[in-house]
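Participant: Let me give you the structure first, and then I'll get to my questions.
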Amino acid sequence: MSHGDRLPALLTLILLLLPRPNAGFAADSIAPPGFTPLPQGTHALVGARVITRPGTEFNHATVVIRDGRITEIGPDVRPPADARVWDYTGSTIYAGFIDPYVMAGSTNRPVVTSGSEPVTLASGADPRFFGVPGQERDPGATGPGSPIRDITPERRLASTYSPDARLVESLRELGFVAAAFVPHRGIVRGQGVAVSLGETGPAESILRADTAQHVGLAAGPEEGYPKSLMGVIAALRQTWFDARWYHSPAPTTQRRPYNTASVALLPTLTTNNPQPVVVETGSALMGARALQLAAELGWNLQIVSSGQEWRRPDLLENSNVPFIVPIAFPAAPKLPDDDAWDSLSLDQLRQWDWAPENPAVLRRAGIDIALTTYALPDRKEFRRALRSAIDRGLAETDALAALTTQPALLLGLSDRLGVIAVGRPAHLTIVEGSYFDPKAPLQSVWVDGIPYFIQPPAPKAVAAASTNTPAKPKDTDLRRIAAEPRIGRGPLAQPPALLIRNATLWTASDRGILTNTSLFVRNGRIESIGAEPEPLPADTLVIDATGKHVSPGLIDCHSHSMILGSVNEATLPSTAMCRIADVINSETDNIHQQLAGGLTIANLLHGSANPIGGQNAVIKLRDGAGPDALLFKEAPGGIKFALGENVKQANWGERNTTRFPQTRMGVGTFYINRFTAARQYAEAWERWNRSDRSTLSPRRDLELDAIAEIIVGTRLIHCHSYRQDEILAFLRVMESFGVRVATLQHILEGYKVADEIARHGAGASAFSDWWGYKFEVIDAIPYAGSLMHQRGVNVSFNSDSSDHARRLNTEAAKAVKYGGTPEHDALRFVTLNPARQLRIDDRVGSLEPGKDADFVLWSGPPLDSTSVCLETWIEGARYFDRSLEPARANLLETERTALIAKARKTSTKSDAEGPPTPATEGARALFFQRALEHARHLGLVDCQDCDTVNRP
Amino acid sequence: MNPFPRTSRIVASLALALASLPTLAETLCLRGAIVHTVSGPSLTNSGVLIRDGRIVAVGNDALFASADRTVDLPGLHLFPGLIAPTSILGLIEVDSVRATRDTTEVGDFTPDVPAWIAVNPESELIPVARANGYTHAQSIPLGGIVSGQSALIRLDGWTIEDLAENRAAALHLFWPSHSIDTTPKHLSGNPEKWKSPEDQVRDREKRLKEIDEFFHQAEAYARARRAAGLGDAPSLAAEAGAGRPIPTVATNGFTLVPAWEAMLPLLSGSQPLFLHADETAQIRAGIEWALRRKYRPVLAGGRDAARLAPFLSSNQVPVIFEHVFTQPTRDTDPYDVHYSAPARLHVAGVTVALGEGTDRFGASNIRNIPYAGAQAVAFGLSRQEAWRGLTLHPARLLGVAHRLGSIEPGKDATLIAVTGDILDVRATVQHMWIAGRQISLESRHTRLHEKYRNRPRPNP
């Protein structure tokens, strides 16, 4: 023992057990009889290394504390005569640590990033939605707040805070003197509270109430809307818009419905130092999405790291948003046999190998971080996990800042916490050695000048710990062998100019098929066809395509392949407020696989679970780019509609019989209802915009916004439709609102009303030959595409499947087979025609000078089912090259093999150290949580005609 | 507009030919075609001579001067009728309508469940498969581990008895998955039923023991039956199927048990065992087990079979590959891992037939199996091998290669005439003969096509 002056154990015990109502507030007050008298208030801590703030330290300094405050610090300071002197030679004194994210009293898990989202196919919960029988205006339980039960910003932990002695002590045992307790349940969860971790009552413990508003980017536990990730984002948007509207100026004579949620969100809206919004993102891509939401909704954002940021740190750079970082790292699993080991995916192995490096990755991206014990299967593992993070590149000064100054800043407590300074309350963490050596015992923490001594672990545990903790990890264990996931993704080549010679060009333009022709590309655009510039620019890449064929890049007018989370917000009959653009999955392997089949553009659509679904997103498959960079920015917005069996829940089971509509009659009724409502809504806005605006504006409604855009013609309808009756009825209803439908999707019986479709002017985006799966496809025929084409309908063939999207060229060939569509016309079914349907044909869809250089190099005629896609180019950049594929696969498999060997070794070593503790079991369970971006790797979604969620 | 300008002449000549309906004794000559014998070379400007529903000769026109009737097939390609080696054709009509599904029985061991009695001869899906060249399919009962007896059906006939070429074509064993569900307990959809990986392995071992024990018991039954002097020929199913009386009391003191009776053809070596498995470990375990027990396994499914190509090759286990268009299942797989699997298996010496499988598209999508073959060709398989994978190999695996699967003298005149290579999506099947009889290629699809092609245009 390097210091002699310790409180007797008995006193420690008493200090731990008795409440000390006045500690830190009035150290001179006298406790009533029966309470242990408060200890004397002047201390001198001598001999220690004192780190006053990260990067600034004294060796052998004295810290003087008087009445809970630090009065003097320095190497030459002499202990005052009245001070109790504590010899801390050999120890380190840090500013007391702060955990900014503690969830108390809940079994809540971190926002789950694995698997598919459970979807409850219940009726909606939004009382503003008309048409669900039994839907009450007051759904009960929520009170006058948000109609969504998982949105409860009015919850205040400060109003119910009650210290949990065991939890508080477990935090002190890790060196924490303060923590923010945060609410756990739902989407908008309420406001946290910062407390000190002394043995004081609730009132004295609270350092700051309402520290932040907390948000989880995942569906909550309550029934009803929203149950998809995109629905959650849409609900957040509406909630904050509502709050702004609620607080917008209006004459006192105009009454707004009282809304506790909007009231509670006011602090987040103020321009001066707004209350932070802390978002638990759950995935790498949602981290980037949170940044955009913050910009859109005016959040003072803090992000709770998902641990996955290593996947796309580029999306977070220059954001200036601080991260609260859990350090729950997965452990190598224990698996029963070789086959089980061999079944591990590269991605989960990478996730394991990258995890401890994630805090360093964040720092390298210039992000300020604060560490938290949150999400650890066992909080006691915190220091060991922290050591792993340091071993993998997190600087100790950064780690210290992440425990002190950074969390103090995040909680708005920089004036009181985070540094050791004269005049500040004495919050200290004292370690015999370095905190970053997990074996160095914590001596004490001081909270408001009161010391709390850390009980050394029981002797048994000490023995176990000494054998369990290896002396020093070997360098080989510390080295990451997992590669950066973006390596090997496009663009693979980006020549300033490109000339393809001697090719057979399938132009998809009026020029038809041109043999032995050249194609010249510069700056991403097609510059000329059949004529080479003279002289050829020196840096031109020349490809001799003798014997080969070139077609425009293929376009899929109906895809769900790159969507994060549920494809459907299946709860409400209208989910027009949901946006696929919020949940584009730029990381899925589907992009590469579909590029390999010549696909360059996909129309990502919401599923068909409701008559009015969410808003679509058109993307270019620029593999390697982030979600927003994938967007085809010039493509006009659209929306998914659906008719028939799916929306009337015909195949959802006997329990789903109450949501309106349940019949094709009701589907038509529903559209008239919503379009009428949207028209009235738009008129209300128009009236207000024309007025002097002194009255209250109409409330912005994101569902009606989208429908109103359809009515004015700025949003395109893509309507899943099957039977001729519903098709015609739908076209007529839309005509009566002055709306021309952009595409009828699938449109299996479209051939029966082809003339009517042609006259309306809708495009037909059909399956080539899919049939036999539902009753409403009983009359589906593979001749449909040709029949509609022959009657003047603009026809495309879509995939609605991550498999078919890999071979749309041979899907197009089916129009030749069935009904004799000429080959060049058939190729247009997957190039120019979908481009026209998506209103992007001025940019893509055919090989013509001035258009984007999106094209495919084929080994033979593109409609020949034995031809192979050799190269796929987007805007003059090569994104797929078949000749590189063997090397690519080889590289990935080599990496996986090495990672399996490393994981097996680590797992064996861990087992040799004794039976797994609950903490190890917990960390091993983390190993199997799949990143949301890859949760569907095994093709679980990819629903052709998907109505519910993931029909296997 | 006529969508088939190139073939209108043939249609006309055929209509004339059909006007005088042939009797079976008549000889029919199909000539002027490209004859893909599949077993041997492809012959240009060749023909086939047919008598009594059989192929008498294949070759040059000059041989066929004696034919009673001649059909010219200029420019058309003659192939043997296609055979879908794994399917649920006839057992399902509309997937989402339960009343139309007769695919899946309950129970783990139901070898006595026969498919042939539930094949709907009027199924709209049969003519659709036929329209793209399919003359035969194996319809497989599903459910449990030993699911029952499949039928080889001919896609033509008035009754189930007409359709069933073989009422007990194979016994089907669906090997349990070897994959382990590693979902952590707290994320499990049903935490109460959650099992650790170790427990899952234990459960699997127990399951495999049950399978082994079932076949042990079946063999014990067969031995006892022989000892009772009843031989190996199964009686119950055959008699019930033929409407003959079933013995109701023990014969020679031996009680006939329907389920064990249904196992006899396999145990006596007269019936193949179709072992359905996709994962590497599952395939290895299942095939090793079957070889140990000296059955003749045919691997159906075979998603990961190419990973075990040497093992399958050295044990002469043929594969019905159903996964050309399955997306890669491992994130390290090359994008074309399943496109190229048939070629890799073939190079290793494994026989590869191409099937659609028994999932919910296992009937409606039969017509697209040739394009799985085309994709395999695009990724390295020879055309000849792809054709065999659609015809001759399935015929062999189903024990009917002496009659079906290639164009050779002595075999059934079961043929299709196609405007191009059957692997080419753009090609259309123009004619079909099953055992010498011309078969209609009309279907619900062609009827609706005709009807709506002729819908009068509305007044402008």
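Ordered as shown in the structure tokens, chains take letters A, B, and onward, while each chain numbers its residues from 1 and ligands are numbered from 1 in the order shown.
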Pull out every residue of chain B that has at least one atom within 8 Å of chain A, counting only C-alpha atoms, and report them as a PyMOL selection string.
Facilitator: chain B and resi 3-4+93-97+179-180+182-184+197-198+201+281+325-335+360-361+364-365+371+374-375+377-379+423-428+444-446+448-449+452-453+457-458
Participant: Output as number ranges by chain all residues of stretch 160-406 of chain B that backbone DSSP marks as strand (DSSP E or B).
Facilitator: B: 164-166, 171-174, 251, 254, 273-277, 297-301, 319-321, 352-354
Participant: Those same residues, written as an mmCIF file, in the first residue's frame with N, CA and C atoms?
Facilitator:
```cif
data_model
loop_
_atom_site.group_PDB
_atom_site.id
_atom_site.type_symbol
_atom_site.label_atom_id
_atom_site.label_comp_id
_atom_site.auth_asym_id
_atom_site.auth_seq_id
_atom_site.Cartn_x
_atom_site.Cartn_y
_atom_site.Cartn_z
ATOM 1 N N ALA B 164 -49.516 -40.942 -65.350
ATOM 2 C CA ALA B 164 -48.455 -41.550 -64.551
ATOM 3 C C ALA B 164 -47.649 -42.542 -65.376
ATOM 4 N N GLU B 165 -46.466 -42.116 -65.812
ATOM 5 C CA GLU B 165 -45.549 -43.039 -66.490
ATOM 6 C C GLU B 165 -44.954 -43.988 -65.463
ATOM 7 N N ASN B 166 -44.671 -43.454 -64.319
ATOM 8 C CA ASN B 166 -44.139 -44.280 -63.242
ATOM 9 C C ASN B 166 -44.735 -43.762 -61.941
ATOM 10 N N LEU B 171 -37.949 -42.505 -54.233
ATOM 11 C CA LEU B 171 -38.258 -42.172 -52.845
ATOM 12 C C LEU B 171 -37.511 -40.883 -52.502
ATOM 13 N N HIS B 172 -38.182 -40.008 -51.767
ATOM 14 C CA HIS B 172 -37.590 -38.683 -51.509
ATOM 15 C C HIS B 172 -37.237 -38.483 -50.049
ATOM 16 N N LEU B 173 -36.001 -38.136 -49.867
ATOM 17 C CA LEU B 173 -35.470 -37.913 -48.524
ATOM 18 C C LEU B 173 -34.955 -36.482 -48.448
ATOM 19 N N PHE B 174 -35.564 -35.692 -47.598
ATOM 20 C CA PHE B 174 -35.131 -34.299 -47.410
ATOM 21 C C PHE B 174 -34.230 -34.249 -46.191
ATOM 22 N N THR B 251 -50.566 -62.439 -44.093
ATOM 23 C CA THR B 251 -50.245 -63.484 -45.036
ATOM 24 C C THR B 251 -49.073 -64.275 -44.454
ATOM 25 N N PHE B 254 -47.582 -62.936 -41.625
ATOM 26 C CA PHE B 254 -46.833 -61.691 -41.735
ATOM 27 C C PHE B 254 -47.795 -60.544 -42.013
ATOM 28 N N LEU B 273 -32.908 -43.226 -54.769
ATOM 29 C CA LEU B 273 -33.185 -42.369 -53.615
ATOM 30 C C LEU B 273 -32.836 -40.944 -54.015
ATOM 31 N N PHE B 274 -33.834 -40.071 -54.021
ATOM 32 C CA PHE B 274 -33.560 -38.653 -54.283
ATOM 33 C C PHE B 274 -33.320 -37.977 -52.956
ATOM 34 N N LEU B 275 -32.092 -37.525 -52.788
ATOM 35 C CA LEU B 275 -31.709 -36.909 -51.530
ATOM 36 C C LEU B 275 -31.650 -35.398 -51.747
ATOM 37 N N HIS B 276 -32.522 -34.699 -51.070
ATOM 38 C CA HIS B 276 -32.599 -33.246 -51.263
ATOM 39 C C HIS B 276 -31.723 -32.544 -50.232
ATOM 40 N N ALA B 277 -30.743 -31.815 -50.729
ATOM 41 C CA ALA B 277 -29.833 -31.100 -49.825
ATOM 42 C C ALA B 277 -29.153 -29.982 -50.601
ATOM 43 N N PRO B 297 -27.948 -42.821 -54.407
ATOM 44 C CA PRO B 297 -28.487 -41.479 -54.202
ATOM 45 C C PRO B 297 -28.354 -40.603 -55.448
ATOM 46 N N VAL B 298 -29.391 -39.808 -55.663
ATOM 47 C CA VAL B 298 -29.343 -38.716 -56.630
ATOM 48 C C VAL B 298 -29.472 -37.447 -55.792
ATOM 49 N N LEU B 299 -28.528 -36.541 -55.946
ATOM 50 C CA LEU B 299 -28.592 -35.317 -55.150
ATOM 51 C C LEU B 299 -29.504 -34.315 -55.843
ATOM 52 N N ALA B 300 -30.528 -33.864 -55.139
ATOM 53 C CA ALA B 300 -31.431 -32.869 -55.701
ATOM 54 C C ALA B 300 -31.275 -31.568 -54.923
ATOM 55 N N GLY B 301 -31.304 -30.457 -55.634
ATOM 56 C CA GLY B 301 -31.031 -29.161 -54.997
ATOM 57 C C GLY B 301 -29.600 -28.791 -55.323
ATOM 58 N N VAL B 319 -26.223 -35.004 -59.925
ATOM 59 C CA VAL B 319 -26.822 -33.851 -59.260
ATOM 60 C C VAL B 319 -27.935 -33.272 -60.120
ATOM 61 N N ILE B 320 -29.062 -33.021 -59.490
ATOM 62 C CA ILE B 320 -30.079 -32.201 -60.144
ATOM 63 C C ILE B 320 -29.902 -30.806 -59.567
ATOM 64 N N PHE B 321 -29.338 -29.934 -60.379
ATOM 65 C CA PHE B 321 -28.959 -28.610 -59.872
ATOM 66 C C PHE B 321 -30.125 -27.648 -60.061
ATOM 67 N N VAL B 352 -24.867 -33.595 -64.432
ATOM 68 C CA VAL B 352 -25.714 -32.498 -63.960
ATOM 69 C C VAL B 352 -27.001 -32.431 -64.767
ATOM 70 N N ALA B 353 -28.121 -32.622 -64.083
ATOM 71 C CA ALA B 353 -29.428 -32.348 -64.679
ATOM 72 C C ALA B 353 -29.906 -31.016 -64.136
ATOM 73 N N LEU B 354 -30.779 -30.346 -64.872
ATOM 74 C CA LEU B 354 -31.234 -29.026 -64.445
ATOM 75 C C LEU B 354 -32.702 -29.072 -64.046
#
```
Participant: Residues near stretch 532-540 of chain A, anyone? I mean within 12 Å using only C-alpha atoms, not counting same-chain ones fewer than 4 positions away, as a list in words.
Facilitator: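 That gives Gln494, Pro495, Pro496, Ala497, Leu498, Leu499, Ile500, Arg501, Asn502, Thr517, Ser518, Leu519, Phe520, Val521, Arg522, Asn523, Ile526, Glu527, Ser528 and Gly876 of chain A.
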